[in-house]
Amino acid sequence: MTSPATVSVVIPCYNSQAWIAETLRSVIDQQDVSLQIVVVDDGSTDDSVGVAREAGGNAIEIIQQPNAGVSAARNTGTAAARGEFIQYLDADDLLTPGTLQARVSALTETGTDVAYTDWTRWERQSDGSFAEGGTISRTLGPRPDVDLLTDFWWPPGALLYRRSLVDRIGPWKEWLPVIQDARFLLDAALCDGAFVYVHGVGMKYRVHGANSLSRRDGRAFLHDIYANASELQRAWEQVAELDPARRQALVKVYAQLARAYFPLDRARFHLMVGHLRHLDPTFVPEKPAGLRALSRLVGYPAAEHLASWWRGLKGAAQSLGSSRTSTT
């Protein structure tokens with residue numbers, strides 16, 4: 001009989017003493033897999049290391065480093081990983097029972113490189129506790145590179161990578177502090193990784209509300225999306241790999257960024273418009289329908305300005321109506 005394949009579970013940890021013990025238990029309790037559990041403490045100032053040692057004992061390896069960010073911690077953990085498969089797991093998320101064995105079996109039986117599962121949002125309640133929210137269940141289409149550039153996303157804990165693919169992808173991109181997990185998964189597709197869907201909920205993804213990276217600093221989130229898209233565009237254009245599907249995916253990303261930047265940063269809004277005109281000289285937004293129709297008449301930038309003026313006028317009228325009602 002052959003021994004089970006080893007899964008290296010890499011857990012970056014920063015000030016996670018409230019969650020790390022439960023996270024580790026969800027890993028240690030996995031059945032029918034050989035585990036290497038690597039906790040990389042990224043300069044925590046709380047007792048994360050002590051809690052992890054007490055919860056994991058001899059079942060885990062702990063690496064401590066000065067604070068350098070989650071991508072740097074994952075890179076440290078990857079360098080220490082010895083398994084045929086690598087599972088990245090944030091220090092506040094949970095694996096569901098049996099999910100690692102199911103993912104390994106799917107990868108082994110199909111010869112694919114990335115196994116992905118459904119996942120459940122585990123949302124903070126008003127009293128500070130967490131309760132299960134909605135379950136996200138999606139499958140990739142025939143062009144994972146296009147799907148993953150636009151609006152498909154899985155948290156790291158819902159993904160199991162074959163180590164040989166991780167080596168092809170290379171390091172986690174530390175210059176993308178907010179969307180590094182989305183880019184690593186996209187890079188798996190760009191490296192011709194093959195994906196397999198594993199039915200069923202594989203993890204609980206803890207949602208901290210406004211404290212998440214993407215919500216804590218909305219501008220940084222937008223800047224990361226732009227840095228990622230523009231870097232990919234340059235790379236694809238240099239090697240003539242900007243096919244129509246990728247071109248349209250980039251148009252979708254820049255269009256979303258343009259709308260988001262318009263009320264925040266007009267210079268960046270016009271930068272996005274420049275990208276849109278370069279990729280699609282006839283660009284008009286798909287929605288909302290009114291903005292699309294107006295763009296056909298006056299052009300997209302002017303339509304956005306007119307729409308903003310109209311929203312302001314409606315808001316002023318509503319405020320005036322409310323004021324008159326309150327005084328009668």
# chains A, B, ... in the order shown; residues from 1 in each chain; ligands from 1
>>> residues_around(residues="Ala59 in chain A", least_positions_apart="6", cutoff="12 Å", atoms="only C-alpha atoms", output="ChimeraX atom specification")
/A:8-9,24-25,27-29,34-39,52-53
>>> closest_atom_pairs(of="range 151-255 of chain A", to="range 97-113 of chain A", cutoff="7 Å", atoms="only C-alpha atoms", output="JSON lines")
{"residue": "A:Leu160", "atom": "CA", "partner": "A:Arg103", "partner_atom": "CA", "distance": 6.7}
{"residue": "A:Tyr161", "atom": "CA", "partner": "A:Asp113", "partner_atom": "CA", "distance": 5.9}
{"residue": "A:Arg162", "atom": "CA", "partner": "A:Asp113", "partner_atom": "CA", "distance": 5.0}
{"residue": "A:Leu165", "atom": "CA", "partner": "A:Asp113", "partner_atom": "CA", "distance": 6.4}
{"residue": "A:Gly193", "atom": "CA", "partner": "A:Asp113", "partner_atom": "CA", "distance": 5.5}
{"residue": "A:Ala194", "atom": "CA", "partner": "A:Thr112", "partner_atom": "CA", "distance": 4.9}
{"residue": "A:Phe195", "atom": "CA", "partner": "A:Thr112", "partner_atom": "CA", "distance": 5.8}
{"residue": "A:Val196", "atom": "CA", "partner": "A:Thr112", "partner_atom": "CA", "distance": 6.5}
{"residue": "A:Val198", "atom": "CA", "partner": "A:Arg103", "partner_atom": "CA", "distance": 6.5}
{"residue": "A:Gly202", "atom": "CA", "partner": "A:Thr99", "partner_atom": "CA", "distance": 5.4}
>>> residues_around(residues="Ser129 in chain A", least_positions_apart="3", cutoff="12 Å", atoms="only C-alpha atoms", output="list of chain:residue names")
A:Ala18, A:Trp19, A:Trp122, A:Glu123, A:Arg124, A:Gln125, A:Ser126, A:Glu132, A:Arg206, A:Val207, A:His208
>>> write_last_selection(atoms="N, CA and C atoms", output="short mmCIF file (atom, residue, chain, number, x, y, z; two decimals), in the first residue's frame")
data_model
loop_
_atom_site.label_atom_id
_atom_site.label_comp_id
_atom_site.auth_asym_id
_atom_site.auth_seq_id
_atom_site.Cartn_x
_atom_site.Cartn_y
_atom_site.Cartn_z
N ALA A 18 -6.99 35.26 18.34
CA ALA A 18 -8.41 34.96 18.58
C ALA A 18 -8.91 33.83 17.70
N TRP A 19 -8.20 33.55 16.58
CA TRP A 19 -8.74 32.60 15.61
C TRP A 19 -7.85 31.39 15.36
N TRP A 122 -18.64 33.35 6.49
CA TRP A 122 -18.82 33.23 7.93
C TRP A 122 -18.78 34.64 8.50
N GLU A 123 -19.95 35.23 8.73
CA GLU A 123 -20.07 36.67 8.89
C GLU A 123 -20.19 37.11 10.35
N ARG A 124 -19.50 38.21 10.64
CA ARG A 124 -19.54 38.78 11.99
C ARG A 124 -20.94 39.32 12.27
N GLN A 125 -21.47 38.99 13.46
CA GLN A 125 -22.77 39.47 13.88
C GLN A 125 -22.62 40.69 14.79
N SER A 126 -23.73 41.34 15.10
CA SER A 126 -23.68 42.57 15.90
C SER A 126 -23.11 42.34 17.29
N GLU A 132 -22.91 31.48 9.86
CA GLU A 132 -22.82 31.18 8.44
C GLU A 132 -23.75 32.07 7.64
N ARG A 206 -14.05 33.66 6.90
CA ARG A 206 -14.47 34.61 7.93
C ARG A 206 -14.53 36.03 7.35
N VAL A 207 -15.69 36.66 7.47
CA VAL A 207 -15.92 38.01 6.94
C VAL A 207 -16.00 38.98 8.12
N HIS A 208 -15.02 39.88 8.19
CA HIS A 208 -14.93 40.81 9.32
C HIS A 208 -15.62 42.14 9.05
#
>>> closest_residue(among="A:Leu271, A:Leu149, A:Ala55, A:Leu176", to="Ala245 in chain A", atoms="only C-alpha atoms")
A:Leu149
>>> closest_atom_pairs(of="range 161-274 of chain A", to="range 74-83 of chain A", cutoff="10 Å", atoms="only C-alpha atoms", output="tab-separated table")
residue	atom	partner	partner_atom	distance
A:Arg162	CA	A:Gly83	CA	8.9
A:Arg163	CA	A:Gly83	CA	7.1
A:Val166	CA	A:Thr78	CA	8.6
A:Asp167	CA	A:Thr78	CA	9.2
A:Gly170	CA	A:Asn75	CA	9.1
A:Pro171	CA	A:Asn75	CA	6.0
A:Trp172	CA	A:Asn75	CA	6.2
A:Lys173	CA	A:Asn75	CA	9.1
A:Glu174	CA	A:Asn75	CA	9.2
>>> write_last_selection(atoms="C-alpha atoms", output="mmCIF file, in the first residue's frame")
data_model
loop_
_atom_site.group_PDB
_atom_site.id
_atom_site.type_symbol
_atom_site.label_atom_id
_atom_site.label_comp_id
_atom_site.auth_asym_id
_atom_site.auth_seq_id
_atom_site.Cartn_x
_atom_site.Cartn_y
_atom_site.Cartn_z
ATOM 1 C CA ARG A 162 -0.292 20.822 -6.997
ATOM 2 C CA ARG A 163 3.244 21.767 -5.923
ATOM 3 C CA VAL A 166 3.132 26.455 -7.617
ATOM 4 C CA ASP A 167 6.762 26.200 -8.719
ATOM 5 C CA GLY A 170 6.616 31.538 -8.808
ATOM 6 C CA PRO A 171 6.404 33.809 -5.760
ATOM 7 C CA TRP A 172 3.266 35.499 -4.499
ATOM 8 C CA LYS A 173 3.331 39.071 -5.793
ATOM 9 C CA GLU A 174 4.166 41.285 -2.848
#
>>> select_by_dssp(residues="range 31-180 of chain A", states="strand (DSSP E)", output="ChimeraX atom specification")
/A:34-42,60-65,85-88,94-95,114-124,130-136,159-162
>>> closest_residue(among="A:Leu140, A:Ala249, A:Ala91, A:Ala220", to="Asp280 in chain A", atoms="only C-alpha atoms")
A:Ala249
>>> residues_around(residues="Arg183 in chain A", least_positions_apart="6", cutoff="12 Å", atoms="only C-alpha atoms", output="list in words")
Ser71, Asp145, Leu148, Leu149, Thr150, Phe152, Trp153, Trp154, Pro155, Pro156, Ile169, Gly170, Pro171, Trp172, Lys173, Glu174, Trp175, Leu176, Pro177, Ala189, Leu190, Cys191, Asp224, Ile225, Ala227, Asn228, Ala229, Glu231 and Leu232 of chain A
>>> closest_residue(among="A:Val33, A:Ser16, A:Lys314, A:Ile136", to="Val51 in chain A", atoms="only C-alpha atoms")
A:Ser16
>>> residues_around(residues="Thr45 in chain A", least_positions_apart="5", cutoff="12 Å", atoms="only C-alpha atoms", output="ChimeraX atom specification")
/A:13-17,50,64-67
>>> closest_residue(among="A:Leu279, A:Ala289, A:Met203, A:Ala258", to="Pro301 in chain A", atoms="only C-alpha atoms")
A:Ala258
>>> closest_residue(among="A:Asp42, A:Leu94, A:Phe283, A:Gly69", to="Gln30 in chain A", atoms="only C-alpha atoms")
A:Leu94
>>> select_by_dssp(residues="range 117-279 of chain A", states="alpha helix (DSSP H)", output="ChimeraX atom specification")
/A:144-150,163-169,180-190,213-216,218-238,244-261,266-279
>>> atom_distance(atom1="CA of Val253 in chain A", atom2="CA of Asp192 in chain A")
21.9 Å
>>> atom_distance(atom1="CA of Asp93 in chain A", atom2="CA of Val70 in chain A")
14.4 Å
>>> closest_residue(among="A:Val7, A:Leu257, A:Val178, A:Leu264", to="Glu84 in chain A", atoms="only C-alpha atoms")
A:Val7
>>> residues_around(residues="Phe269 in chain A", least_positions_apart="3", cutoff="8 Å", atoms="only C-alpha atoms", output="PyMOL selection string")
chain A and resi 257-259+261-262+265-266+272-273
